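> This structure is in structure tokens; I'll ask about it shortly.
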Amino acid sequence: MCRARNRLQRHGFYERNAIEADASYRITICRLICPDCRKTVSILPTFLLPYFQHTMDFIIHILLAFWITRSSLCTRQLRRFYEKRAYG
């Protein structure tokens with residue numbers, strides 16, 4: 001963030017939910033800190049999106065299922081929430 005040429009230092013860990021259609025998992029996420037500006041960064045796995053508990057695969061699956069076949073795999077409110085975020 002500050003364009004410093006230092007290496008980021010490991011700053012800790014936290015747990016995060018990853019929810020799929022039939023299971024939910026607790027995943028440990030690594031946090032890093034910049035020694036110059038003291039800003040922290042989390043390294044997320046590729047299947048998780050920032051600020052979302054559902055996995056990216058699950059979100060794409062429920063949206064495509066509704067758009068193609070009009071079948072609902074989750075609640076109307078959850079599907080509509082993800083539709084608004086996809087269009088935005």
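The way I read the labels, and the way they are meant: chains A, B, ... in the order of the structure tokens, residue 1 as the first residue of every chain, and ligand 1 as the first ligand shown, with later ones counted on from there.
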Using DSSP secondary structure from the backbone, list all helix (DSSP H, G or I) positions within chain A, as a PyMOL selection string.

chain A and resi 56-69+76-87

> Please list as a PyMOL selection string every residue within 12 Å of range 5-10 of chain A, counting only C-alpha atoms and excluding residues in the same chain fewer than 5 positions away.

chain A and resi 29-43

> Go through A:Ile68, A:Ile62, A:Ile19, A:Leu48 and flag the residue nearest Phe81 in chain A, using only C-alpha atoms for the distances.

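Going through A:Ile68, A:Ile62, A:Ile19, A:Leu48 one by one, the smallest distance to Phe81 in chain A is for A:Ile62.
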
> Using only C-alpha atoms, can you tell me which of A:Ala23, A:Leu64, A:Ala18, A:Cys74 comes closest to Phe47 in chain A?

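Closest residue, counting only C-alpha atoms: A:Ala18.
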
> So which bits of chain A end up strand (DSSP E or B) when you DSSP the backbone, as a PyMOL selection string?

chain A and resi 9-19+24-33+40-43+54

> Hey, can you spit out that residue selection with N, CA, C and O atoms as a compact mmCIF listing (two decimals), in the first residue's frame?


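And here is the file that came out, again.txt:
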# COMPACT_ATOMS: atom_id res chain seq x y z
N GLN A 9 5.74 -8.78 7.05
CA GLN A 9 5.99 -9.69 8.17
C GLN A 9 4.69 -10.37 8.57
O GLN A 9 3.61 -9.77 8.53
N ARG A 10 4.82 -11.62 8.96
CA ARG A 10 3.64 -12.34 9.43
C ARG A 10 3.14 -11.68 10.71
O ARG A 10 3.89 -11.40 11.63
N HIS A 11 1.84 -11.41 10.73
CA HIS A 11 1.27 -10.63 11.83
C HIS A 11 0.26 -11.42 12.66
O HIS A 11 -0.20 -10.97 13.69
N GLY A 12 -0.12 -12.56 12.19
CA GLY A 12 -1.08 -13.36 12.95
C GLY A 12 -2.00 -14.12 12.02
O GLY A 12 -1.82 -14.15 10.81
N PHE A 13 -3.00 -14.73 12.63
CA PHE A 13 -3.96 -15.53 11.90
C PHE A 13 -5.35 -15.25 12.43
O PHE A 13 -5.51 -14.79 13.56
N TYR A 14 -6.35 -15.50 11.62
CA TYR A 14 -7.72 -15.50 12.09
C TYR A 14 -8.49 -16.57 11.33
O TYR A 14 -8.08 -17.01 10.28
N GLU A 15 -9.61 -16.98 11.90
CA GLU A 15 -10.43 -18.00 11.27
C GLU A 15 -11.59 -17.35 10.55
O GLU A 15 -12.10 -16.31 10.98
N ARG A 16 -11.99 -17.98 9.46
CA ARG A 16 -13.06 -17.44 8.65
C ARG A 16 -13.93 -18.59 8.14
O ARG A 16 -13.45 -19.70 7.92
N ASN A 17 -15.22 -18.33 7.95
CA ASN A 17 -16.14 -19.34 7.45
C ASN A 17 -16.05 -19.43 5.93
O ASN A 17 -15.87 -18.43 5.24
N ALA A 18 -16.21 -20.63 5.42
CA ALA A 18 -16.36 -20.89 3.98
C ALA A 18 -17.57 -21.81 3.86
O ALA A 18 -17.52 -22.97 4.25
N ILE A 19 -18.67 -21.27 3.33
CA ILE A 19 -19.93 -22.00 3.27
C ILE A 19 -20.19 -22.43 1.84
O ILE A 19 -20.13 -21.61 0.93
N SER A 24 -20.03 -26.47 5.67
CA SER A 24 -19.35 -25.22 6.01
C SER A 24 -18.03 -25.57 6.70
O SER A 24 -17.92 -26.59 7.39
N TYR A 25 -17.05 -24.74 6.47
CA TYR A 25 -15.69 -25.01 6.96
C TYR A 25 -15.16 -23.77 7.68
O TYR A 25 -15.57 -22.65 7.40
N ARG A 26 -14.23 -24.00 8.60
CA ARG A 26 -13.48 -22.92 9.24
C ARG A 26 -12.07 -22.97 8.66
O ARG A 26 -11.38 -23.98 8.76
N ILE A 27 -11.65 -21.85 8.05
CA ILE A 27 -10.35 -21.79 7.39
C ILE A 27 -9.49 -20.76 8.10
O ILE A 27 -9.95 -19.67 8.43
N THR A 28 -8.23 -21.10 8.32
CA THR A 28 -7.29 -20.18 8.94
C THR A 28 -6.68 -19.28 7.87
O THR A 28 -6.16 -19.76 6.87
N ILE A 29 -6.76 -17.98 8.08
CA ILE A 29 -6.27 -16.97 7.13
C ILE A 29 -5.04 -16.28 7.74
O ILE A 29 -5.06 -15.88 8.90
N CYS A 30 -3.99 -16.14 6.93
CA CYS A 30 -2.75 -15.50 7.39
C CYS A 30 -2.84 -13.99 7.19
O CYS A 30 -3.30 -13.51 6.16
N ARG A 31 -2.40 -13.23 8.19
CA ARG A 31 -2.33 -11.78 8.08
C ARG A 31 -0.88 -11.34 8.03
O ARG A 31 -0.03 -11.88 8.72
N LEU A 32 -0.60 -10.33 7.21
CA LEU A 32 0.74 -9.76 7.08
C LEU A 32 0.68 -8.28 7.41
O LEU A 32 -0.35 -7.64 7.24
N ILE A 33 1.80 -7.72 7.86
CA ILE A 33 1.87 -6.30 8.20
C ILE A 33 3.09 -5.68 7.53
O ILE A 33 4.14 -6.30 7.42
N THR A 40 -2.15 -3.68 7.51
CA THR A 40 -2.21 -5.14 7.47
C THR A 40 -2.92 -5.60 6.20
O THR A 40 -3.78 -4.90 5.65
N VAL A 41 -2.56 -6.80 5.76
CA VAL A 41 -3.13 -7.42 4.57
C VAL A 41 -3.40 -8.88 4.90
O VAL A 41 -2.60 -9.52 5.57
N SER A 42 -4.54 -9.38 4.44
CA SER A 42 -4.86 -10.80 4.60
C SER A 42 -4.70 -11.51 3.28
O SER A 42 -5.04 -10.97 2.23
N ILE A 43 -4.19 -12.72 3.33
CA ILE A 43 -4.03 -13.52 2.12
C ILE A 43 -5.18 -14.51 2.06
O ILE A 43 -5.22 -15.47 2.83
N HIS A 54 -19.92 -17.21 1.73
CA HIS A 54 -20.11 -18.28 0.74
C HIS A 54 -18.92 -18.29 -0.23
O HIS A 54 -18.35 -17.24 -0.54

> Between A:Gly88, A:Phe58, A:Glu83, A:Arg76, which residue has the minimum interatomic distance to Asp22 in chain A, considering only C-alpha atoms?

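So, comparing all the options, the nearest one is A:Phe58.
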
> Excluding Ile60 in chain A and its own-chain neighbours fewer than 5 positions away, which residues fall within 10 Å of it when counting only C-alpha atoms? Please give them as a PDB file with N, CA, C and O atoms, in the first residue's frame.


ATOM      1  N   THR A  55     -18.592 -19.479  -0.715  1.00  0.00           N
ATOM      2  CA  THR A  55     -17.477 -19.602  -1.653  1.00  0.00           C
ATOM      3  C   THR A  55     -17.887 -19.063  -3.026  1.00  0.00           C
ATOM      4  O   THR A  55     -19.076 -18.986  -3.350  1.00  0.00           O
ATOM      5  N   ALA A  65     -27.784 -21.248 -12.003  1.00  0.00           N
ATOM      6  CA  ALA A  65     -28.953 -22.128 -11.933  1.00  0.00           C
ATOM      7  C   ALA A  65     -30.242 -21.320 -12.047  1.00  0.00           C
ATOM      8  O   ALA A  65     -31.186 -21.737 -12.710  1.00  0.00           O
ATOM      9  N   TYR A  82     -26.895 -11.613  -4.024  1.00  0.00           N
ATOM     10  CA  TYR A  82     -25.764 -11.896  -4.904  1.00  0.00           C
ATOM     11  C   TYR A  82     -25.998 -11.371  -6.321  1.00  0.00           C
ATOM     12  O   TYR A  82     -25.056 -10.980  -6.998  1.00  0.00           O
ATOM     13  N   GLU A  83     -27.251 -11.332  -6.763  1.00  0.00           N
ATOM     14  CA  GLU A  83     -27.550 -10.736  -8.074  1.00  0.00           C
ATOM     15  C   GLU A  83     -27.205  -9.251  -8.083  1.00  0.00           C
ATOM     16  O   GLU A  83     -26.590  -8.755  -9.029  1.00  0.00           O
ATOM     17  N   ALA A  86     -23.506  -8.858  -8.227  1.00  0.00           N
ATOM     18  CA  ALA A  86     -22.937  -9.224  -9.530  1.00  0.00           C
ATOM     19  C   ALA A  86     -23.174  -8.114 -10.547  1.00  0.00           C
ATOM     20  O   ALA A  86     -22.295  -7.810 -11.350  1.00  0.00           O
TER      21      ALA A  86
END

> Please compute the CA of His61 in chain A-CA of Ala21 in chain A distance, one decimal, in Å.

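So the answer is 9.5 Å.
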
> Grab the CA of Ile59 in chain A to CA of Leu78 in chain A distance for me, in Å with one decimal place.

9.6 Å
